Every structure is written in structure tokens, then in C-alpha cells.
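Chemist: Here you go, this is run07.csv (CSV, C-alpha atoms and all ligand atoms).
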chain,number,residue,atom,x,y,z
U,1,MET,CA,-10.6,16.3,15.1
U,2,ALA,CA,-12.8,13.6,13.9
U,3,GLY,CA,-14.4,13.9,10.5
U,4,ALA,CA,-17.1,11.3,10.2
U,5,ALA,CA,-17.0,9.4,7.0
U,6,SER,CA,-20.4,7.7,7.5
U,7,GLY,CA,-23.0,8.5,4.9
U,8,ALA,CA,-20.5,10.5,2.8
U,9,ARG,CA,-20.4,9.8,-0.9
U,10,PRO,CA,-17.2,8.0,-1.6
U,11,GLY,CA,-15.2,9.9,-4.1
U,12,ALA,CA,-16.4,13.3,-3.1
U,13,TRP,CA,-13.8,16.0,-2.7
U,14,THR,CA,-13.7,19.4,-1.0
U,15,GLN,CA,-10.6,21.5,-1.7
U,16,GLY,CA,-8.5,18.4,-1.9
U,17,TRP,CA,-10.0,16.6,1.2
U,18,TRP,CA,-11.6,13.2,0.5
U,19,ARG,CA,-14.9,12.6,2.3
U,20,GLY,CA,-14.0,8.9,2.7
U,21,ALA,CA,-11.2,9.8,5.1
U,22,ARG,CA,-11.1,10.8,8.7
U,23,ILE,CA,-9.3,14.2,8.8
U,24,ILE,CA,-6.4,14.9,11.1
U,25,GLU,CA,-4.7,18.1,9.7
U,26,SER,CA,-0.9,18.2,9.6
U,27,PRO,CA,1.0,21.5,9.6
U,28,ASN,CA,3.6,19.9,7.3
U,29,HIS,CA,2.8,20.9,3.8
U,30,GLY,CA,3.4,23.6,1.3
U,31,PRO,CA,2.2,24.9,-2.1
U,32,ARG,CA,2.5,22.8,-5.2
U,33,PRO,CA,4.2,24.4,-8.2
U,34,ASP,CA,1.8,26.4,-10.3
U,35,GLY,CA,0.1,24.5,-13.1
U,36,LEU,CA,1.9,21.2,-12.4
U,37,PRO,CA,-0.6,18.3,-12.7
U,38,ILE,CA,-0.8,15.6,-10.0
U,39,GLU,CA,0.1,12.5,-12.0
U,40,LEU,CA,1.8,10.2,-9.5
U,41,VAL,CA,0.8,8.1,-6.5
U,42,VAL,CA,3.6,7.1,-4.2
U,43,LEU,CA,2.9,4.2,-1.8
U,44,HIS,CA,4.8,3.9,1.5
U,45,SER,CA,4.7,1.8,4.6
U,46,ILE,CA,5.1,2.9,8.2
U,47,SER,CA,4.4,1.7,11.7
U,48,LEU,CA,5.6,3.2,15.0
U,49,PRO,CA,7.2,1.5,16.8
U,50,PRO,CA,8.1,-0.6,13.8
U,51,GLY,CA,5.8,-3.7,13.6
U,52,GLN,CA,3.3,-2.4,16.2
U,53,PHE,CA,-0.1,-1.6,14.8
U,54,GLY,CA,-3.1,0.3,16.0
U,55,GLY,CA,-1.5,3.0,18.1
U,56,ASP,CA,-1.5,6.8,17.4
U,57,ALA,CA,2.2,7.4,17.0
U,58,VAL,CA,2.0,7.8,13.2
U,59,GLU,CA,-0.7,10.5,13.7
U,60,GLN,CA,1.6,12.1,16.3
U,61,LEU,CA,4.6,12.0,13.9
U,62,PHE,CA,2.6,13.7,11.1
U,63,THR,CA,1.3,16.4,13.4
U,64,ASN,CA,4.6,17.1,15.2
U,65,ARG,CA,3.3,15.8,18.5
U,66,LEU,CA,5.5,12.6,18.8
U,67,ASP,CA,7.4,12.4,22.0
U,68,PRO,CA,10.9,11.2,21.0
U,69,SER,CA,11.5,9.8,24.4
U,70,ALA,CA,8.4,7.6,24.4
U,71,HIS,CA,10.2,4.7,22.6
U,72,PRO,CA,13.9,4.1,21.5
U,73,SER,CA,12.8,3.8,17.9
U,74,PHE,CA,11.3,7.4,18.0
U,75,GLU,CA,14.6,9.1,18.9
U,76,PRO,CA,15.9,9.3,15.3
U,77,LEU,CA,12.6,11.0,14.4
U,78,ARG,CA,13.2,13.9,16.8
U,79,GLY,CA,12.6,17.3,15.0
U,80,LEU,CA,11.5,15.7,11.8
U,81,ALA,CA,8.7,17.5,9.9
U,82,VAL,CA,7.1,15.0,7.6
U,83,SER,CA,3.6,14.1,6.3
U,84,ALA,CA,1.7,12.1,3.8
U,85,HIS,CA,-1.7,12.9,2.3
U,86,PHE,CA,-3.2,9.5,3.5
U,87,PHE,CA,-2.6,6.8,6.0
U,88,VAL,CA,-4.4,3.4,5.6
U,89,ARG,CA,-4.7,1.4,8.8
U,90,ARG,CA,-4.6,-2.4,9.0
U,91,ASP,CA,-8.4,-2.5,9.2
U,92,GLY,CA,-8.9,-0.3,6.2
U,93,GLU,CA,-9.6,3.0,8.0
U,94,VAL,CA,-8.3,5.9,5.9
U,95,LEU,CA,-6.9,9.1,7.6
U,96,GLN,CA,-6.0,12.2,5.7
U,97,PHE,CA,-3.4,14.7,6.9
U,98,VAL,CA,-2.9,17.1,4.0
U,99,SER,CA,-5.2,18.4,1.3
U,100,CYS,CA,-4.3,16.8,-2.0
U,101,ASP,CA,-4.2,20.2,-3.5
U,102,ARG,CA,-1.1,20.9,-1.3
U,103,ARG,CA,2.4,19.4,-1.4
U,104,ALA,CA,3.0,16.9,1.4
U,105,TRP,CA,6.4,15.9,2.6
U,106,HIS,CA,6.7,12.1,2.1
U,107,ALA,CA,9.1,11.2,-0.8
U,108,GLY,CA,12.2,13.4,-0.1
U,109,VAL,CA,14.9,13.4,-2.7
U,110,SER,CA,13.2,11.3,-5.4
U,111,CYS,CA,12.9,10.7,-9.1
U,112,TRP,CA,10.4,8.7,-11.3
U,113,GLN,CA,10.3,8.3,-15.0
U,114,GLY,CA,13.0,10.9,-15.4
U,115,ARG,CA,11.2,13.5,-13.3
U,116,ASP,CA,12.5,14.5,-9.9
U,117,ASN,CA,11.0,16.2,-6.8
U,118,CYS,CA,8.1,13.7,-6.7
U,119,ASN,CA,6.5,15.6,-3.8
U,120,ASP,CA,5.7,18.3,-6.3
U,121,TRP,CA,3.5,16.2,-8.5
U,122,SER,CA,2.4,13.2,-6.4
U,123,ILE,CA,0.0,12.0,-3.7
U,124,GLY,CA,1.6,10.2,-0.8
U,125,ILE,CA,-0.2,7.2,0.7
U,126,GLU,CA,1.2,5.5,3.8
U,127,LEU,CA,0.1,1.9,4.6
U,128,GLU,CA,0.3,0.9,8.2
U,129,GLY,CA,2.8,-1.9,8.1
U,130,LEU,CA,6.3,-3.2,8.5
U,131,GLU,CA,8.6,-2.6,5.5
U,132,GLY,CA,9.0,-5.9,3.7
U,133,ASP,CA,6.2,-7.6,5.5
U,134,VAL,CA,2.7,-8.3,4.2
U,135,PHE,CA,-0.4,-6.1,4.3
U,136,GLU,CA,-4.0,-6.9,5.1
U,137,GLN,CA,-6.9,-7.5,2.7
U,138,PRO,CA,-8.9,-4.5,4.1
U,139,GLN,CA,-5.9,-2.3,3.3
U,140,TYR,CA,-5.9,-3.3,-0.3
U,141,LEU,CA,-9.6,-2.8,-0.6
U,142,ALA,CA,-9.5,0.6,1.0
U,143,LEU,CA,-6.4,1.6,-1.0
U,144,ALA,CA,-8.2,0.7,-4.2
U,145,THR,CA,-11.3,2.7,-3.3
U,146,LEU,CA,-9.1,5.7,-2.4
U,147,MET,CA,-7.0,5.4,-5.6
U,148,ARG,CA,-10.1,5.2,-7.8
U,149,ALA,CA,-11.4,8.3,-6.1
U,150,LEU,CA,-8.0,10.0,-6.7
U,151,ARG,CA,-8.0,9.1,-10.3
U,152,ARG,CA,-11.5,10.5,-10.8
U,153,ARG,CA,-10.3,13.9,-9.3
U,154,TYR,CA,-6.7,14.1,-10.5
U,155,PRO,CA,-4.9,13.1,-13.8
U,156,ILE,CA,-3.1,10.1,-12.2
U,157,THR,CA,-1.0,8.3,-14.8
U,158,LEU,CA,1.7,6.6,-12.6
U,159,VAL,CA,1.8,4.6,-9.3
U,160,ALA,CA,5.1,3.7,-7.6
U,161,GLY,CA,6.5,2.7,-4.2
U,162,HIS,CA,8.9,4.9,-2.2
U,163,GLU,CA,11.5,2.1,-2.9
U,164,HIS,CA,11.1,2.9,-6.7
U,165,VAL,CA,11.3,6.7,-6.5
U,166,ALA,CA,14.2,6.8,-4.0
U,167,PRO,CA,15.9,3.4,-4.5
U,168,VAL,CA,19.2,4.3,-2.8
U,169,ARG,CA,17.6,5.4,0.4
U,170,LYS,CA,14.3,3.6,0.8
U,171,ARG,CA,12.9,0.1,0.8
U,172,ASP,CA,9.2,0.7,1.6
U,173,PRO,CA,6.6,-0.7,1.1
U,174,GLY,CA,8.9,-3.6,0.1
U,175,PRO,CA,8.5,-7.1,-1.2
U,176,GLY,CA,5.5,-8.0,1.0
U,177,PHE,CA,3.3,-5.5,-0.9
U,178,ASP,CA,1.3,-7.3,-3.6
U,179,TRP,CA,1.4,-5.0,-6.6
U,180,SER,CA,-0.4,-7.6,-8.7
U,181,LEU,CA,-3.4,-7.7,-6.3
U,182,LEU,CA,-3.6,-3.9,-6.4
U,183,GLN,CA,-3.5,-4.0,-10.2
U,184,ARG,CA,-6.2,-6.6,-10.3
U,185,LEU,CA,-8.5,-4.7,-7.9
U,186,LEU,CA,-8.1,-1.4,-9.9
U,187,ARG,CA,-8.0,-3.0,-13.3
U,188,TRP,CA,-5.7,-0.1,-14.4
U,189,ARG,CA,-3.3,-0.8,-17.3
U,190,LEU,CA,0.0,-2.4,-16.4
U,191,THR,CA,2.1,0.5,-17.6
U,192,ILE,CA,0.8,2.6,-14.8
U,193,PHE,CA,2.6,0.4,-12.3
U,194,PRO,CA,6.3,-0.1,-11.5
U,195,ALA,CA,8.4,-2.8,-13.3
U,196,SER,CA,8.3,-4.9,-10.1
U,197,LEU,CA,4.9,-6.0,-11.5
U,198,PRO,CA,5.3,-8.3,-14.5
U,199,GLY,CA,4.5,-6.1,-17.5
U,200,GLY,CA,4.7,-2.9,-15.4
U,201,GLY,CA,5.9,0.1,-17.2
U,202,GLY,CA,8.1,1.9,-14.7
U,203,ALA,CA,11.9,1.9,-15.1
U,204,PRO,CA,13.6,-0.3,-12.5
U,301,ZN,ZN,8.3,5.9,2.5
Would it be possible to restate this file's structure as C-alpha cells?
Modeler:
Amino acid sequence: MAGAASGARPGAWTQGWWRGARIIESPNHGPRPDGLPIELVVLHSISLPPGQFGGDAVEQLFTNRLDPSAHPSFEPLRGLAVSAHFFVRRDGEVLQFVSCDRRAWHAGVSCWQGRDNCNDWSIGIELEGLEGDVFEQPQYLALATLMRALRRRYPITLVAGHEHVAPVRKRDPGPGFDWSLLQRLLRWRLTIFPASLPGGGGAP
């Protein structure tokens, strides 16, 4: 379904859905623990097939409609039920799959700042990209707009990559992601960001 973002006030929320995003609902979500504030944003990267941009395979994956036989790289994804709250395309378009008031399935076994189960207390944002490679300027601008809107709505105090919250298993978004640029766009204090950013506060 296409939720038009044109004319919407950026930053406006309805039951965890952001009006700046095009909505494609995923069935892959669950309740958050009662009373647990949403304090963390986890950044990821994904593209399907890896390195190919602009198709709809990521949308299909998050809505359990991906045909595993359509490409060899899809086979390991067979039967997987995953989701993220948001997907930021190369041109800056933002898609939302799960209400932020619900728990999306993006981080897996994870821990940040001594707290585990990051899915319980985080927002997951996927950037269309290849792990380790660079990202586009419109993506940083859209990401910053989205993250400002998130912080107006939720008590966000930390931002980390999947590589930081699950360092043994995951490498995304990787060294091509410019944490310093994101910090400069947001003008949030350095301690919110991971230690990969000089002066960042997160434990390595
Ligand atoms: Zn990830």
C-alpha cells in the first residue's frame, strides 16, 4: 500500500507511524516489554541482491514475500522472518514497515552499553547499501530528518550500528558509513554515538 508523504508535516506520528515515510506493513513484529523506554537507534545496511539497488527485494523480505529461488543470494534467506522499522533508499526515500511502538526483528542477539535484547528498546533503520561500502548524500539527509523526528517522539539517548551491538556476528553498516557526517548533520552530543566516532561514547 502506498502512503503518500507529500504535504505531511515531517515529524508527525500516528501510533508509531511516521508521516514522512511510505508505509509497507510487515507482519514481523511483536509487543515491546511494558514500560521500557525506546532509547536506542540501531543502524543497518542491506541490499538484495547484495550491491544491487532500487529493486523491491528488501520490501519482499520484510513482508515474507521474497522468492528464495529468484536469486542465489536469496536462498539463505528462505523462511527468515525479519523486519526493521525503517528502510532508507539510495535516493533518500523512507519506507516504514513496523510501528515504532512495536518491537521489530532486526538486531537479533545483541548488547549495547551493558543492556541486551536491543530489539526490545531500539528502533531499527536499514540503509540501502552494501556492507562496508559508502552511502549516498540523500540517505544521510533523510536519515538525519528521520532521526530528529524520532528523538522528538521517543527518549533516544544512544545510536549504534548493528556491527556495534552484535560485533561477533555482524559487520553492517561497516566502515563506509560516515558517523562523523551523521553527527555533524544532527549536532547531537558525541557520547550518543559509538566509539568508532572520535569522542563517541559507546564501548568498543
Ligand atoms: Zn544489520
Chemist: Counting all atoms listed in the file, which residues in chain U sit no more than 6 Å from ligand ZN 301 (chain U)? For each one, give the nearest pair of atoms and the distance in Å, sorted by chain then residue number, as a Markdown table.
Modeler:
| residue | atom | partner | partner_atom | distance |
| --- | --- | --- | --- | --- |
| U:His44 | CA | U:ZN301 | ZN | 4.2 |
| U:Ser45 | CA | U:ZN301 | ZN | 5.8 |
| U:His162 | CA | U:ZN301 | ZN | 4.8 |
| U:Asp172 | CA | U:ZN301 | ZN | 5.4 |
Chemist: I'd like to know which of U:Pro167, U:Gly35, U:Pro194, U:Gly92 is closest to U:Glu136, using only C-alpha atoms.
Modeler: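 Once distances to U:Glu136 are computed over only C-alpha atoms, the minimum belongs to U:Gly92.
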Chemist: Under the rule that all atoms listed in the file are counted, which of U:Leu61, U:Val98, U:Val109, U:Val88 is the nearest residue to U:Ile123?
Modeler: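 The answer is U:Val98, which sits nearest to U:Ile123.
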Chemist: Mind pulling up the distance from atom CA of U:Ala144 to atom CA of U:Trp179?
Modeler: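 Answer for the atom CA of U:Trp179 to atom CA of U:Ala144 separation: 11.4 Å.
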Chemist: Considering only C-alpha atoms, state which residue in the set U:Thr14, U:Ser99, U:Ser110, U:Ser47 is at the smallest distance from U:Glu163.
Modeler: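 Once distances to U:Glu163 are computed over only C-alpha atoms, the minimum belongs to U:Ser110.
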Chemist: Looking at only C-alpha atoms, which of U:Leu143, U:Ile24, U:Gly55, U:Ile38 is the one that sits closest to U:Gln183?
Modeler: U:Leu143
Chemist: For atom CA of U:Thr145 and atom CA of U:Glu93, determine how far apart the two atoms are, in Å to one decimal place.
Modeler: 11.4 Å
Chemist: Work out how far atom CA of U:Ala149 is from atom CA of U:Arg89, in Å to one decimal.
Modeler: 17.7 Å
Chemist: Which neighbours of stretch 106-108 of chain U fall inside 6 Å, counting all atoms listed in the file, when residues of the same chain fewer than 5 positions from it are skipped, and could you give them as JSON, numbers by chain?
Modeler: {"U": [83, 84, 119]}
Chemist: Just want the 12 Å neighbourhood of U:Asp101, counted on all atoms listed in the file, with same-chain residues fewer than 3 positions away dropped. Output as an mmCIF file with C-alpha atoms, in the frame of the given file.
Modeler:
data_model
loop_
_atom_site.group_PDB
_atom_site.id
_atom_site.type_symbol
_atom_site.label_atom_id
_atom_site.label_comp_id
_atom_site.auth_asym_id
_atom_site.auth_seq_id
_atom_site.Cartn_x
_atom_site.Cartn_y
_atom_site.Cartn_z
ATOM 1 C CA TRP U 13 -13.800 16.000 -2.700
ATOM 2 C CA THR U 14 -13.700 19.400 -1.000
ATOM 3 C CA GLN U 15 -10.600 21.500 -1.700
ATOM 4 C CA GLY U 16 -8.500 18.400 -1.900
ATOM 5 C CA TRP U 17 -10.000 16.600 1.200
ATOM 6 C CA TRP U 18 -11.600 13.200 0.500
ATOM 7 C CA HIS U 29 2.800 20.900 3.800
ATOM 8 C CA GLY U 30 3.400 23.600 1.300
ATOM 9 C CA PRO U 31 2.200 24.900 -2.100
ATOM 10 C CA ARG U 32 2.500 22.800 -5.200
ATOM 11 C CA PRO U 33 4.200 24.400 -8.200
ATOM 12 C CA ASP U 34 1.800 26.400 -10.300
ATOM 13 C CA GLY U 35 0.100 24.500 -13.100
ATOM 14 C CA LEU U 36 1.900 21.200 -12.400
ATOM 15 C CA PRO U 37 -0.600 18.300 -12.700
ATOM 16 C CA ILE U 38 -0.800 15.600 -10.000
ATOM 17 C CA HIS U 85 -1.700 12.900 2.300
ATOM 18 C CA PHE U 97 -3.400 14.700 6.900
ATOM 19 C CA VAL U 98 -2.900 17.100 4.000
ATOM 20 C CA ALA U 104 3.000 16.900 1.400
ATOM 21 C CA ASN U 119 6.500 15.600 -3.800
ATOM 22 C CA ASP U 120 5.700 18.300 -6.300
ATOM 23 C CA TRP U 121 3.500 16.200 -8.500
ATOM 24 C CA SER U 122 2.400 13.200 -6.400
ATOM 25 C CA ILE U 123 0.000 12.000 -3.700
ATOM 26 C CA GLY U 124 1.600 10.200 -0.800
ATOM 27 C CA LEU U 150 -8.000 10.000 -6.700
ATOM 28 C CA ARG U 153 -10.300 13.900 -9.300
ATOM 29 C CA TYR U 154 -6.700 14.100 -10.500
#
Chemist: Which polymer residues, whether protein, DNA or RNA, lie within 8 Å of the coordinate (12.1, 3.6, 14.6) when you count only C-alpha atoms? List them as a list in words, using the chain letters and numbers from the file.
Modeler: Leu48, Pro49, Pro50, Pro72, Ser73, Phe74, Glu75, Pro76 and Leu77 of chain U
Chemist: Using only C-alpha atoms, pick whichever of U:Pro173, U:Pro68, U:Gly20, U:Pro27 has the shortest atom-to-atom distance to U:Leu130.
Modeler: U:Pro173
Chemist: Just want the 9 Å neighbourhood of U:Phe177, counted on all atoms listed in the file, with same-chain residues fewer than 5 positions away dropped. Output as a ChimeraX atom specification.
Modeler: /U:131-135,172,182
Chemist: With all atoms listed in the file as the counted atoms, please give the residues lying no more than 12 Å from U:Thr157, apart from itself and same-chain residues fewer than 2 positions off, as a short mmCIF file (atom, residue, chain, number, x, y, z; two decimals) with C-alpha atoms, in the coordinates of the input.
Modeler:
data_model
loop_
_atom_site.label_atom_id
_atom_site.label_comp_id
_atom_site.auth_asym_id
_atom_site.auth_seq_id
_atom_site.Cartn_x
_atom_site.Cartn_y
_atom_site.Cartn_z
CA PRO U 37 -0.60 18.30 -12.70
CA ILE U 38 -0.80 15.60 -10.00
CA GLU U 39 0.10 12.50 -12.00
CA LEU U 40 1.80 10.20 -9.50
CA VAL U 41 0.80 8.10 -6.50
CA VAL U 42 3.60 7.10 -4.20
CA TRP U 112 10.40 8.70 -11.30
CA GLN U 113 10.30 8.30 -15.00
CA TRP U 121 3.50 16.20 -8.50
CA SER U 122 2.40 13.20 -6.40
CA ILE U 123 0.00 12.00 -3.70
CA MET U 147 -7.00 5.40 -5.60
CA ARG U 148 -10.10 5.20 -7.80
CA LEU U 150 -8.00 10.00 -6.70
CA ARG U 151 -8.00 9.10 -10.30
CA ARG U 152 -11.50 10.50 -10.80
CA TYR U 154 -6.70 14.10 -10.50
CA PRO U 155 -4.90 13.10 -13.80
CA VAL U 159 1.80 4.60 -9.30
CA ALA U 160 5.10 3.70 -7.60
CA TRP U 188 -5.70 -0.10 -14.40
CA ARG U 189 -3.30 -0.80 -17.30
CA LEU U 190 0.00 -2.40 -16.40
CA THR U 191 2.10 0.50 -17.60
CA ILE U 192 0.80 2.60 -14.80
CA PHE U 193 2.60 0.40 -12.30
CA PRO U 194 6.30 -0.10 -11.50
CA GLY U 201 5.90 0.10 -17.20
CA GLY U 202 8.10 1.90 -14.70
#
Chemist: Find, counting all atoms listed in the file, the residue in U:Asp116, U:Gly54, U:Thr63, U:Glu126 that gets nearest to U:Phe87.
Modeler: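 Using all atoms listed in the file, the shortest distance to U:Phe87 belongs to U:Glu126.
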Chemist: Add whatever atoms are absent from stretch 146-157 of chain U to reach N, CA and C atoms, and provide the output as a JSON list (two decimals), in the frame of the given file.
Modeler:
[["chain", "number", "residue", "atom", "x", "y", "z"],
["U", 146, "LEU", "N", -9.70, 4.35, -2.46],
["U", 146, "LEU", "CA", -9.10, 5.70, -2.40],
["U", 146, "LEU", "C", -8.44, 6.03, -3.75],
["U", 147, "MET", "N", -7.73, 5.08, -4.35],
["U", 147, "MET", "CA", -7.00, 5.40, -5.60],
["U", 147, "MET", "C", -7.99, 5.62, -6.76],
["U", 148, "ARG", "N", -9.12, 4.90, -6.75],
["U", 148, "ARG", "CA", -10.10, 5.20, -7.80],
["U", 148, "ARG", "C", -10.68, 6.61, -7.60],
["U", 149, "ALA", "N", -10.92, 6.99, -6.35],
["U", 149, "ALA", "CA", -11.40, 8.30, -6.10],
["U", 149, "ALA", "C", -10.38, 9.38, -6.51],
["U", 150, "LEU", "N", -9.11, 9.10, -6.24],
["U", 150, "LEU", "CA", -8.00, 10.00, -6.70],
["U", 150, "LEU", "C", -8.02, 10.18, -8.17],
["U", 151, "ARG", "N", -8.16, 9.06, -8.87],
["U", 151, "ARG", "CA", -8.00, 9.10, -10.30],
["U", 151, "ARG", "C", -9.24, 9.81, -10.97],
["U", 152, "ARG", "N", -10.38, 9.79, -10.25],
["U", 152, "ARG", "CA", -11.50, 10.50, -10.80],
["U", 152, "ARG", "C", -11.31, 12.05, -10.61],
["U", 153, "ARG", "N", -10.49, 12.44, -9.64],
["U", 153, "ARG", "CA", -10.30, 13.90, -9.30],
["U", 153, "ARG", "C", -9.05, 14.45, -9.92],
["U", 154, "TYR", "N", -7.98, 13.62, -10.04],
["U", 154, "TYR", "CA", -6.70, 14.10, -10.50],
["U", 154, "TYR", "C", -6.21, 13.25, -11.69],
["U", 155, "PRO", "N", -5.35, 13.82, -12.57],
["U", 155, "PRO", "CA", -4.90, 13.10, -13.80],
["U", 155, "PRO", "C", -3.79, 12.09, -13.48],
["U", 156, "ILE", "N", -4.10, 11.11, -12.62],
["U", 156, "ILE", "CA", -3.10, 10.10, -12.20],
["U", 156, "ILE", "C", -2.72, 9.22, -13.40],
["U", 157, "THR", "N", -1.42, 9.13, -13.70],
["U", 157, "THR", "CA", -1.00, 8.30, -14.80],
["U", 157, "THR", "C", 0.10, 7.26, -14.31]]
